[in-house]
Each structure stands twice: as C-alpha cells, then as structure tokens.
>>> print(open('input23.cif').read())   # mmCIF, N, CA and C atoms
data_coords
#
loop_
_atom_site.label_atom_id
_atom_site.label_comp_id
_atom_site.auth_asym_id
_atom_site.auth_seq_id
_atom_site.Cartn_x
_atom_site.Cartn_y
_atom_site.Cartn_z
N MET A 1 -13.97 -40.53 32.68
CA MET A 1 -14.72 -39.54 31.93
C MET A 1 -14.07 -39.36 30.56
N TYR A 2 -14.85 -39.45 29.51
CA TYR A 2 -14.34 -39.31 28.15
C TYR A 2 -14.48 -37.87 27.70
N ARG A 3 -13.44 -37.35 27.09
CA ARG A 3 -13.45 -36.00 26.54
C ARG A 3 -13.40 -36.11 25.03
N ARG A 4 -14.46 -35.64 24.38
CA ARG A 4 -14.49 -35.71 22.92
C ARG A 4 -13.48 -34.74 22.34
N SER A 5 -13.08 -34.97 21.12
CA SER A 5 -12.12 -34.07 20.48
C SER A 5 -12.78 -32.75 20.14
N ASN A 6 -11.98 -31.71 20.06
CA ASN A 6 -12.44 -30.37 19.74
C ASN A 6 -11.77 -29.88 18.48
N ASN A 7 -12.53 -29.16 17.68
CA ASN A 7 -12.00 -28.48 16.50
C ASN A 7 -12.17 -26.98 16.72
N ILE A 8 -11.06 -26.27 16.75
CA ILE A 8 -11.08 -24.83 16.96
C ILE A 8 -10.62 -24.16 15.68
N LEU A 9 -11.37 -23.15 15.26
CA LEU A 9 -11.00 -22.35 14.11
C LEU A 9 -10.62 -20.95 14.59
N ILE A 10 -9.40 -20.53 14.23
CA ILE A 10 -8.91 -19.20 14.59
C ILE A 10 -8.77 -18.41 13.30
N VAL A 11 -9.39 -17.22 13.26
CA VAL A 11 -9.39 -16.42 12.04
C VAL A 11 -8.86 -15.02 12.38
N ASP A 12 -7.78 -14.65 11.71
CA ASP A 12 -7.19 -13.32 11.86
C ASP A 12 -6.37 -13.03 10.61
N ASP A 13 -6.42 -11.80 10.15
CA ASP A 13 -5.68 -11.47 8.93
C ASP A 13 -4.20 -11.24 9.18
N GLU A 14 -3.77 -11.35 10.41
CA GLU A 14 -2.34 -11.22 10.75
C GLU A 14 -1.79 -12.60 11.13
N ALA A 15 -0.88 -13.11 10.33
CA ALA A 15 -0.30 -14.44 10.58
C ALA A 15 0.38 -14.51 11.94
N ASP A 16 1.01 -13.42 12.36
CA ASP A 16 1.68 -13.41 13.67
C ASP A 16 0.69 -13.64 14.81
N VAL A 17 -0.49 -13.07 14.70
CA VAL A 17 -1.51 -13.26 15.73
C VAL A 17 -1.96 -14.72 15.77
N LEU A 18 -2.16 -15.30 14.59
CA LEU A 18 -2.52 -16.72 14.54
C LEU A 18 -1.46 -17.58 15.21
N ASP A 19 -0.19 -17.28 14.94
CA ASP A 19 0.92 -18.04 15.53
C ASP A 19 0.96 -17.91 17.05
N VAL A 20 0.77 -16.69 17.54
CA VAL A 20 0.83 -16.45 18.99
C VAL A 20 -0.32 -17.16 19.71
N ILE A 21 -1.52 -17.02 19.19
CA ILE A 21 -2.67 -17.68 19.82
C ILE A 21 -2.47 -19.20 19.83
N THR A 22 -2.07 -19.75 18.71
CA THR A 22 -1.84 -21.20 18.62
C THR A 22 -0.77 -21.65 19.60
N ALA A 23 0.33 -20.93 19.65
CA ALA A 23 1.43 -21.31 20.56
C ALA A 23 0.97 -21.30 22.01
N HIS A 24 0.18 -20.31 22.40
CA HIS A 24 -0.30 -20.25 23.78
C HIS A 24 -1.32 -21.35 24.08
N ILE A 25 -2.20 -21.63 23.15
CA ILE A 25 -3.17 -22.71 23.35
C ILE A 25 -2.45 -24.03 23.57
N LEU A 26 -1.47 -24.31 22.73
CA LEU A 26 -0.71 -25.56 22.86
C LEU A 26 0.18 -25.53 24.09
N GLY A 27 0.83 -24.38 24.32
CA GLY A 27 1.75 -24.25 25.44
C GLY A 27 1.08 -24.37 26.80
N GLU A 28 -0.17 -23.95 26.88
CA GLU A 28 -0.89 -24.01 28.15
C GLU A 28 -1.66 -25.32 28.30
N GLY A 29 -1.51 -26.20 27.33
CA GLY A 29 -2.14 -27.51 27.42
C GLY A 29 -3.65 -27.49 27.32
N LEU A 30 -4.20 -26.49 26.62
CA LEU A 30 -5.65 -26.42 26.49
C LEU A 30 -6.19 -27.47 25.53
N LEU A 31 -5.34 -27.92 24.63
CA LEU A 31 -5.73 -28.97 23.68
C LEU A 31 -4.81 -30.16 23.84
N VAL A 32 -5.31 -31.31 23.48
CA VAL A 32 -4.51 -32.52 23.51
C VAL A 32 -4.03 -32.78 22.09
N GLU A 33 -2.71 -32.73 21.90
CA GLU A 33 -2.14 -32.95 20.58
C GLU A 33 -2.48 -34.35 20.09
N GLY A 34 -2.91 -34.46 18.84
CA GLY A 34 -3.31 -35.73 18.28
C GLY A 34 -4.76 -36.08 18.56
N HIS A 35 -5.40 -35.32 19.44
CA HIS A 35 -6.80 -35.56 19.79
C HIS A 35 -7.67 -34.38 19.35
N ASP A 36 -7.19 -33.17 19.62
CA ASP A 36 -7.88 -31.94 19.25
C ASP A 36 -7.20 -31.31 18.04
N ASN A 37 -7.91 -30.40 17.38
CA ASN A 37 -7.38 -29.79 16.17
C ASN A 37 -7.57 -28.28 16.18
N ILE A 38 -6.56 -27.58 15.65
CA ILE A 38 -6.65 -26.14 15.45
C ILE A 38 -6.56 -25.90 13.95
N PHE A 39 -7.52 -25.14 13.44
CA PHE A 39 -7.52 -24.74 12.04
C PHE A 39 -7.33 -23.23 12.00
N LEU A 40 -6.50 -22.78 11.06
CA LEU A 40 -6.16 -21.36 10.96
C LEU A 40 -6.60 -20.80 9.62
N SER A 41 -7.05 -19.55 9.64
CA SER A 41 -7.41 -18.88 8.40
C SER A 41 -7.07 -17.40 8.52
N GLU A 42 -6.54 -16.85 7.41
CA GLU A 42 -6.21 -15.43 7.39
C GLU A 42 -7.30 -14.59 6.73
N ASN A 43 -8.40 -15.22 6.29
CA ASN A 43 -9.49 -14.43 5.73
C ASN A 43 -10.82 -15.15 5.91
N GLY A 44 -11.89 -14.38 5.80
CA GLY A 44 -13.22 -14.90 6.07
C GLY A 44 -13.72 -15.89 5.04
N ILE A 45 -13.34 -15.71 3.77
CA ILE A 45 -13.78 -16.64 2.73
C ILE A 45 -13.23 -18.03 2.99
N GLU A 46 -11.94 -18.10 3.25
CA GLU A 46 -11.31 -19.39 3.56
C GLU A 46 -11.94 -19.99 4.82
N ALA A 47 -12.24 -19.15 5.80
CA ALA A 47 -12.85 -19.63 7.04
C ALA A 47 -14.21 -20.28 6.78
N THR A 48 -15.01 -19.68 5.89
CA THR A 48 -16.31 -20.28 5.58
C THR A 48 -16.13 -21.64 4.91
N ASP A 49 -15.10 -21.76 4.10
CA ASP A 49 -14.82 -23.07 3.47
C ASP A 49 -14.50 -24.12 4.53
N ILE A 50 -13.71 -23.73 5.52
CA ILE A 50 -13.36 -24.66 6.60
C ILE A 50 -14.62 -25.04 7.37
N ILE A 51 -15.45 -24.05 7.68
CA ILE A 51 -16.70 -24.30 8.42
C ILE A 51 -17.59 -25.27 7.64
N ASP A 52 -17.60 -25.16 6.33
CA ASP A 52 -18.41 -26.05 5.50
C ASP A 52 -17.89 -27.48 5.49
N LEU A 53 -16.59 -27.65 5.67
CA LEU A 53 -15.98 -28.98 5.56
C LEU A 53 -15.79 -29.70 6.89
N ILE A 54 -15.62 -28.93 7.97
CA ILE A 54 -15.21 -29.52 9.25
C ILE A 54 -16.15 -29.03 10.35
N PRO A 55 -16.59 -29.91 11.23
CA PRO A 55 -17.43 -29.47 12.34
C PRO A 55 -16.59 -28.69 13.37
N ILE A 56 -16.76 -27.38 13.37
CA ILE A 56 -15.98 -26.51 14.26
C ILE A 56 -16.74 -26.33 15.57
N ASP A 57 -16.02 -26.52 16.69
CA ASP A 57 -16.64 -26.43 18.02
C ASP A 57 -16.53 -25.04 18.63
N VAL A 58 -15.42 -24.35 18.35
CA VAL A 58 -15.21 -23.00 18.88
C VAL A 58 -14.60 -22.15 17.77
N LEU A 59 -15.19 -20.97 17.57
CA LEU A 59 -14.65 -20.00 16.61
C LEU A 59 -14.01 -18.86 17.38
N ILE A 60 -12.76 -18.57 17.05
CA ILE A 60 -12.07 -17.37 17.57
C ILE A 60 -11.80 -16.50 16.35
N THR A 61 -12.31 -15.27 16.35
CA THR A 61 -12.14 -14.43 15.17
C THR A 61 -11.90 -12.97 15.50
N ASP A 62 -11.20 -12.33 14.60
CA ASP A 62 -11.04 -10.88 14.60
C ASP A 62 -12.28 -10.31 13.92
N LEU A 63 -12.52 -9.02 14.07
CA LEU A 63 -13.64 -8.39 13.35
C LEU A 63 -13.22 -7.88 11.98
N ARG A 64 -11.99 -7.38 11.89
CA ARG A 64 -11.52 -6.84 10.62
C ARG A 64 -10.78 -7.93 9.87
N LEU A 65 -11.40 -8.36 8.79
CA LEU A 65 -10.82 -9.41 7.95
C LEU A 65 -10.87 -8.98 6.50
N PHE A 66 -10.00 -9.54 5.70
CA PHE A 66 -10.04 -9.29 4.26
C PHE A 66 -11.16 -10.10 3.63
N GLU A 67 -11.79 -9.54 2.63
CA GLU A 67 -12.76 -10.21 1.77
C GLU A 67 -14.08 -10.57 2.42
N TYR A 68 -14.19 -10.50 3.73
CA TYR A 68 -15.41 -10.94 4.41
C TYR A 68 -15.30 -10.42 5.82
N SER A 69 -16.25 -9.67 6.29
CA SER A 69 -16.12 -9.07 7.61
C SER A 69 -16.26 -10.11 8.72
N GLY A 70 -15.71 -9.76 9.87
CA GLY A 70 -15.84 -10.65 11.02
C GLY A 70 -17.29 -10.88 11.40
N ASN A 71 -18.12 -9.83 11.32
CA ASN A 71 -19.54 -9.99 11.63
C ASN A 71 -20.23 -10.93 10.64
N ASP A 72 -19.86 -10.83 9.37
CA ASP A 72 -20.44 -11.75 8.38
C ASP A 72 -20.02 -13.19 8.68
N LEU A 73 -18.78 -13.37 9.07
CA LEU A 73 -18.29 -14.71 9.42
C LEU A 73 -19.03 -15.23 10.65
N ILE A 74 -19.21 -14.37 11.64
CA ILE A 74 -19.92 -14.77 12.86
C ILE A 74 -21.35 -15.21 12.52
N LYS A 75 -22.03 -14.44 11.69
CA LYS A 75 -23.40 -14.80 11.29
C LYS A 75 -23.41 -16.16 10.58
N TYR A 76 -22.47 -16.35 9.66
CA TYR A 76 -22.38 -17.60 8.90
C TYR A 76 -22.16 -18.79 9.84
N TYR A 77 -21.22 -18.63 10.75
CA TYR A 77 -20.90 -19.70 11.70
C TYR A 77 -22.09 -19.99 12.62
N ALA A 78 -22.73 -18.93 13.12
CA ALA A 78 -23.83 -19.08 14.07
C ALA A 78 -25.04 -19.76 13.42
N GLU A 79 -25.26 -19.53 12.14
CA GLU A 79 -26.36 -20.21 11.44
C GLU A 79 -26.13 -21.71 11.39
N LYS A 80 -24.90 -22.12 11.23
CA LYS A 80 -24.57 -23.54 11.14
C LYS A 80 -24.34 -24.18 12.52
N ASN A 81 -23.96 -23.36 13.49
CA ASN A 81 -23.61 -23.84 14.83
C ASN A 81 -24.26 -22.93 15.88
N PRO A 82 -25.57 -22.99 16.02
CA PRO A 82 -26.26 -22.00 16.85
C PRO A 82 -25.92 -22.03 18.34
N ARG A 83 -25.37 -23.12 18.82
CA ARG A 83 -25.03 -23.20 20.25
C ARG A 83 -23.54 -23.14 20.54
N SER A 84 -22.74 -23.13 19.50
CA SER A 84 -21.28 -23.17 19.69
C SER A 84 -20.73 -21.80 20.04
N PRO A 85 -19.73 -21.78 20.92
CA PRO A 85 -19.17 -20.50 21.36
C PRO A 85 -18.40 -19.77 20.26
N ILE A 86 -18.49 -18.45 20.33
CA ILE A 86 -17.77 -17.56 19.43
C ILE A 86 -17.00 -16.58 20.30
N LEU A 87 -15.69 -16.58 20.15
CA LEU A 87 -14.83 -15.68 20.91
C LEU A 87 -14.26 -14.65 19.95
N VAL A 88 -14.62 -13.40 20.14
CA VAL A 88 -14.15 -12.32 19.29
C VAL A 88 -12.93 -11.71 19.97
N PHE A 89 -11.81 -11.69 19.24
CA PHE A 89 -10.55 -11.12 19.75
C PHE A 89 -10.13 -10.06 18.75
N SER A 90 -10.40 -8.81 19.09
CA SER A 90 -10.22 -7.75 18.11
C SER A 90 -9.79 -6.45 18.76
N GLY A 91 -9.06 -5.67 18.01
CA GLY A 91 -8.69 -4.33 18.45
C GLY A 91 -9.70 -3.31 17.98
N PHE A 92 -10.97 -3.74 17.89
CA PHE A 92 -12.03 -2.90 17.36
C PHE A 92 -12.18 -1.59 18.14
N THR A 93 -12.76 -0.63 17.48
CA THR A 93 -13.03 0.65 18.11
C THR A 93 -14.50 0.71 18.48
N GLU A 94 -14.85 1.75 19.19
CA GLU A 94 -16.23 1.89 19.65
C GLU A 94 -17.24 1.95 18.51
N ASP A 95 -16.82 2.45 17.34
CA ASP A 95 -17.77 2.56 16.23
C ASP A 95 -17.99 1.24 15.50
N GLU A 96 -17.20 0.22 15.81
CA GLU A 96 -17.41 -1.11 15.24
C GLU A 96 -18.25 -1.91 16.23
N ARG A 97 -19.33 -2.43 15.76
CA ARG A 97 -20.22 -3.18 16.64
C ARG A 97 -20.21 -4.66 16.27
N VAL A 98 -20.20 -5.46 17.31
CA VAL A 98 -20.29 -6.91 17.12
C VAL A 98 -21.77 -7.26 17.16
N ILE A 99 -22.20 -8.10 16.24
CA ILE A 99 -23.60 -8.50 16.27
C ILE A 99 -23.90 -9.15 17.62
N SER A 100 -25.11 -9.08 18.03
CA SER A 100 -25.49 -9.58 19.35
C SER A 100 -26.06 -10.99 19.25
N LEU A 101 -25.33 -11.92 19.82
CA LEU A 101 -25.77 -13.31 19.92
C LEU A 101 -25.36 -13.81 21.31
N PRO A 102 -26.15 -14.68 21.92
CA PRO A 102 -25.84 -15.10 23.29
C PRO A 102 -24.52 -15.86 23.44
N GLN A 103 -24.05 -16.52 22.38
CA GLN A 103 -22.84 -17.33 22.51
C GLN A 103 -21.55 -16.55 22.24
N ILE A 104 -21.66 -15.24 22.02
CA ILE A 104 -20.48 -14.42 21.72
C ILE A 104 -19.89 -13.84 23.00
N LYS A 105 -18.57 -13.96 23.10
CA LYS A 105 -17.80 -13.29 24.16
C LYS A 105 -16.76 -12.43 23.45
N ILE A 106 -16.57 -11.20 23.92
CA ILE A 106 -15.69 -10.25 23.24
C ILE A 106 -14.48 -9.93 24.10
N PHE A 107 -13.30 -9.94 23.46
CA PHE A 107 -12.04 -9.65 24.13
C PHE A 107 -11.26 -8.66 23.28
N ARG A 108 -10.77 -7.61 23.93
CA ARG A 108 -10.04 -6.56 23.22
C ARG A 108 -8.58 -6.98 23.02
N LYS A 109 -8.14 -6.85 21.78
CA LYS A 109 -6.77 -7.19 21.39
C LYS A 109 -5.86 -6.00 21.68
N PRO A 110 -4.72 -6.13 22.23
CA PRO A 110 -4.09 -7.33 22.81
C PRO A 110 -4.31 -7.46 24.31
N ASP A 111 -4.96 -6.47 24.92
CA ASP A 111 -5.04 -6.37 26.38
C ASP A 111 -5.70 -7.56 27.07
N GLU A 112 -6.67 -8.16 26.44
CA GLU A 112 -7.44 -9.21 27.10
C GLU A 112 -7.11 -10.62 26.59
N PHE A 113 -5.85 -10.81 26.21
CA PHE A 113 -5.41 -12.10 25.69
C PHE A 113 -5.55 -13.21 26.72
N LYS A 114 -5.14 -12.95 27.96
CA LYS A 114 -5.24 -13.98 29.00
C LYS A 114 -6.70 -14.34 29.28
N GLN A 115 -7.58 -13.35 29.24
CA GLN A 115 -9.00 -13.61 29.44
C GLN A 115 -9.56 -14.47 28.30
N LEU A 116 -9.09 -14.22 27.08
CA LEU A 116 -9.49 -15.04 25.93
C LEU A 116 -9.10 -16.50 26.17
N LEU A 117 -7.86 -16.73 26.57
CA LEU A 117 -7.40 -18.10 26.82
C LEU A 117 -8.18 -18.75 27.95
N HIS A 118 -8.47 -17.98 28.98
CA HIS A 118 -9.25 -18.51 30.11
C HIS A 118 -10.65 -18.92 29.64
N GLN A 119 -11.30 -18.06 28.85
CA GLN A 119 -12.63 -18.40 28.34
C GLN A 119 -12.59 -19.63 27.45
N LEU A 120 -11.56 -19.73 26.62
CA LEU A 120 -11.42 -20.91 25.78
C LEU A 120 -11.29 -22.15 26.63
N SER A 121 -10.53 -22.08 27.72
CA SER A 121 -10.38 -23.25 28.59
C SER A 121 -11.73 -23.63 29.20
N LEU A 122 -12.55 -22.65 29.54
CA LEU A 122 -13.89 -22.94 30.08
C LEU A 122 -14.77 -23.59 29.02
N GLU A 123 -14.70 -23.09 27.80
CA GLU A 123 -15.51 -23.65 26.71
C GLU A 123 -15.09 -25.09 26.43
N LEU A 124 -13.80 -25.37 26.49
CA LEU A 124 -13.33 -26.73 26.23
C LEU A 124 -13.73 -27.69 27.35
N LYS A 125 -13.77 -27.21 28.58
CA LYS A 125 -14.20 -28.07 29.70
C LYS A 125 -15.65 -28.45 29.53
N CYS A 126 -16.44 -27.60 28.88
CA CYS A 126 -17.85 -27.93 28.62
C CYS A 126 -17.97 -29.10 27.66
N ALA A 127 -16.90 -29.40 26.94
CA ALA A 127 -16.94 -30.49 25.95
C ALA A 127 -16.71 -31.86 26.58
N ILE A 128 -16.48 -31.91 27.88
CA ILE A 128 -16.28 -33.20 28.54
C ILE A 128 -17.63 -33.89 28.72
N ASP A 129 -17.70 -35.10 28.27
CA ASP A 129 -18.97 -35.85 28.37
C ASP A 129 -19.05 -36.62 29.67
#
>>> encode(input="input23.cif", output="structure tokens")
Amino acid sequence: MYRRSNNILIVDDEADVLDVITAHILGEGLLVEGHDNIFLSENGIEATDIIDLIPIDVLITDLRLFEYSGNDLIKYYAEKNPRSPILVFSGFTEDERVISLPQIKIFRKPDEFKQLLHQLSLELKCAID
C-alpha cells in the first residue's frame, strides 16, 4: 500500500506552541521524515502565502493570530481546499466563534492536545491510497 506524502501547515502566533506541536508530531511518528512536510507560520498573512505556494493537506491553526484572524485564515484555506481537514487548536473563549464548516474539528488549548494529535493521526491515515 502506497502512502502519499502529506503537507501540514501549523499556524500559531506563539513560537513555543509551534515547536511543541512539531516535536510531538515527529516524536510520535505521525509523519515520515523526508517524505512528509511540516510548514510553520506565526501569522495569518504568511500562512496564506504558504497556502498559495504549496498544496496543504491539513491545516492546524489557532484562532487568535496577528494581522489576520484564524477564522479568516480558515475561510481562505477552505475555499482553496474544500475537503481538506482543519484542526483548530485554540484557547478561545465562549464569545469567540469558529465558523461552521464540516471539515473543522475544534480542540481547546492546552487541555485537548492529545486529542488534537489523535485526530491528526486519523486524518493522515485517510491519506493512504
């Protein structure tokens, strides 16, 4: 069985969060080094540039971002990738709403980190041809 490569984009305005998520993804063997790719961005504008240049298979994003809201980024990504999964990992409050799309899964930061990784592993298994 052939497994196509995956491109994951992780967007968070905190560099430490990007580092922790990346370390766990690699540490748990969710990606194959040299086969799959992780792209990191600390703001929504840069993330849209990455989305324009690289076919992203899974988006992991915070809601609160500099220069471009998480919801705006989600809308932008979903327009270009209507079937691709979007994993929201945010410490959002009840008054912040995530736009409603069927491919969105929401995880509260930091409490649901393991659930985020588990969902990512499920999304990556769907990429097996």
>>> resolve_selection(input="input23.cif", expression="the PyMOL selection byres ((chain A and resi 77-91) around 5)", output="list in words")
Val58, Leu59, Ile60, Thr61, Asp62, Leu63, Leu73, Ile74, Lys75, Tyr76, Phe92, Thr93, Gln103, Ile104, Lys105, Ile106, Phe107, Arg108 and Lys109 of chain A
>>> select_by_dssp(input="input23.cif", residues="chain A", states="helix (DSSP H, G or I)", output="PyMOL selection string")
chain A and resi 15-27+44-53+70-80+113-125
>>> resolve_selection(input="input23.cif", expression="the PyMOL selection byres (((chain A and resi 36 and name CA) around 12) and name CA)", output="ChimeraX atom specification")
/A:3-9,25-26,29-35,37-39,56-58,124,127
>>> atom_distance(input="input23.cif", atom1="atom CA of A:Gln115", atom2="atom CA of A:Ser69")
23.4 Å
>>> atom_distance(input="input23.cif", atom1="atom N of A:Ile21", atom2="atom CA of A:Phe113")
9.0 Å
>>> atom_distance(input="input23.cif", atom1="atom N of A:Ile54", atom2="atom N of A:Leu40")
11.4 Å
>>> closest_residue(input="input23.cif", among="A:Leu18, A:Gly27, A:Asp72, A:Asp12", to="A:Asn43", atoms="only N, CA and C atoms")
A:Asp12
>>> decode(input="input23.cif", residues="stretch 53-64 of chain A", atoms="all heavy atoms", output="short mmCIF file (atom, residue, chain, number, x, y, z; two decimals), in the first residue's frame")
data_model
loop_
_atom_site.label_atom_id
_atom_site.label_comp_id
_atom_site.auth_asym_id
_atom_site.auth_seq_id
_atom_site.Cartn_x
_atom_site.Cartn_y
_atom_site.Cartn_z
N LEU A 53 1.36 28.77 -2.30
CA LEU A 53 2.52 28.17 -2.95
C LEU A 53 2.59 26.65 -2.87
O LEU A 53 3.19 26.00 -3.73
CB LEU A 53 3.81 28.74 -2.34
CG LEU A 53 4.07 30.22 -2.58
CD1 LEU A 53 5.26 30.69 -1.75
CD2 LEU A 53 4.30 30.48 -4.06
N ILE A 54 2.01 26.08 -1.80
CA ILE A 54 2.20 24.66 -1.51
C ILE A 54 0.84 24.00 -1.29
O ILE A 54 0.00 24.55 -0.59
CB ILE A 54 3.07 24.50 -0.25
CG1 ILE A 54 4.45 25.12 -0.51
CG2 ILE A 54 3.21 23.05 0.16
CD1 ILE A 54 5.22 25.44 0.73
N PRO A 55 0.62 22.83 -1.85
CA PRO A 55 -0.64 22.13 -1.60
C PRO A 55 -0.67 21.57 -0.16
O PRO A 55 0.02 20.60 0.15
CB PRO A 55 -0.66 21.01 -2.64
CG PRO A 55 0.77 20.79 -2.99
CD PRO A 55 1.48 22.10 -2.79
N ILE A 56 -1.43 22.23 0.69
CA ILE A 56 -1.50 21.84 2.10
C ILE A 56 -2.64 20.83 2.29
O ILE A 56 -3.76 21.06 1.84
CB ILE A 56 -1.73 23.09 2.99
CG1 ILE A 56 -0.57 24.07 2.85
CG2 ILE A 56 -1.95 22.69 4.45
CD1 ILE A 56 0.79 23.55 3.30
N ASP A 57 -2.33 19.73 2.98
CA ASP A 57 -3.31 18.66 3.19
C ASP A 57 -4.08 18.81 4.49
O ASP A 57 -5.24 18.41 4.57
CB ASP A 57 -2.60 17.30 3.17
CG ASP A 57 -1.90 17.06 1.85
OD1 ASP A 57 -2.61 17.00 0.83
OD2 ASP A 57 -0.67 16.96 1.84
N VAL A 58 -3.42 19.33 5.52
CA VAL A 58 -4.07 19.53 6.83
C VAL A 58 -3.62 20.87 7.37
O VAL A 58 -2.42 21.16 7.41
CB VAL A 58 -3.70 18.42 7.84
CG1 VAL A 58 -4.37 18.66 9.19
CG2 VAL A 58 -4.04 17.03 7.31
N LEU A 59 -4.60 21.66 7.82
CA LEU A 59 -4.31 22.94 8.47
C LEU A 59 -4.59 22.80 9.95
O LEU A 59 -5.68 22.35 10.34
CB LEU A 59 -5.19 24.05 7.88
CG LEU A 59 -5.14 25.40 8.61
CD1 LEU A 59 -3.76 26.04 8.50
CD2 LEU A 59 -6.22 26.33 8.06
N ILE A 60 -3.60 23.16 10.77
CA ILE A 60 -3.78 23.26 12.22
C ILE A 60 -3.58 24.74 12.56
O ILE A 60 -2.52 25.30 12.26
CB ILE A 60 -2.76 22.40 13.00
CG1 ILE A 60 -2.90 20.93 12.61
CG2 ILE A 60 -2.94 22.59 14.50
CD1 ILE A 60 -1.81 20.03 13.19
N THR A 61 -4.59 25.37 13.16
CA THR A 61 -4.47 26.80 13.42
C THR A 61 -5.08 27.22 14.75
O THR A 61 -6.01 26.59 15.25
CB THR A 61 -5.11 27.62 12.28
OG1 THR A 61 -4.84 29.01 12.49
CG2 THR A 61 -6.62 27.41 12.20
N ASP A 62 -4.52 28.27 15.28
CA ASP A 62 -5.09 28.98 16.42
C ASP A 62 -6.15 29.93 15.86
O ASP A 62 -6.17 30.21 14.66
CB ASP A 62 -3.97 29.76 17.13
CG ASP A 62 -4.38 30.28 18.49
OD1 ASP A 62 -5.54 30.10 18.90
OD2 ASP A 62 -3.52 30.89 19.15
N LEU A 63 -7.01 30.45 16.71
CA LEU A 63 -7.99 31.45 16.26
C LEU A 63 -7.44 32.86 16.36
O LEU A 63 -7.74 33.70 15.53
CB LEU A 63 -9.27 31.36 17.09
CG LEU A 63 -10.22 30.24 16.74
CD1 LEU A 63 -11.45 30.30 17.63
CD2 LEU A 63 -10.62 30.28 15.28
N ARG A 64 -6.66 33.12 17.39
CA ARG A 64 -6.11 34.46 17.58
C ARG A 64 -4.74 34.53 16.94
O ARG A 64 -3.79 33.92 17.39
CB ARG A 64 -6.00 34.78 19.07
CG ARG A 64 -7.34 34.95 19.70
CD ARG A 64 -7.21 35.44 21.11
NE ARG A 64 -8.51 35.64 21.69
CZ ARG A 64 -8.71 35.99 22.93
NH1 ARG A 64 -7.69 36.18 23.74
NH2 ARG A 64 -9.94 36.15 23.38
#
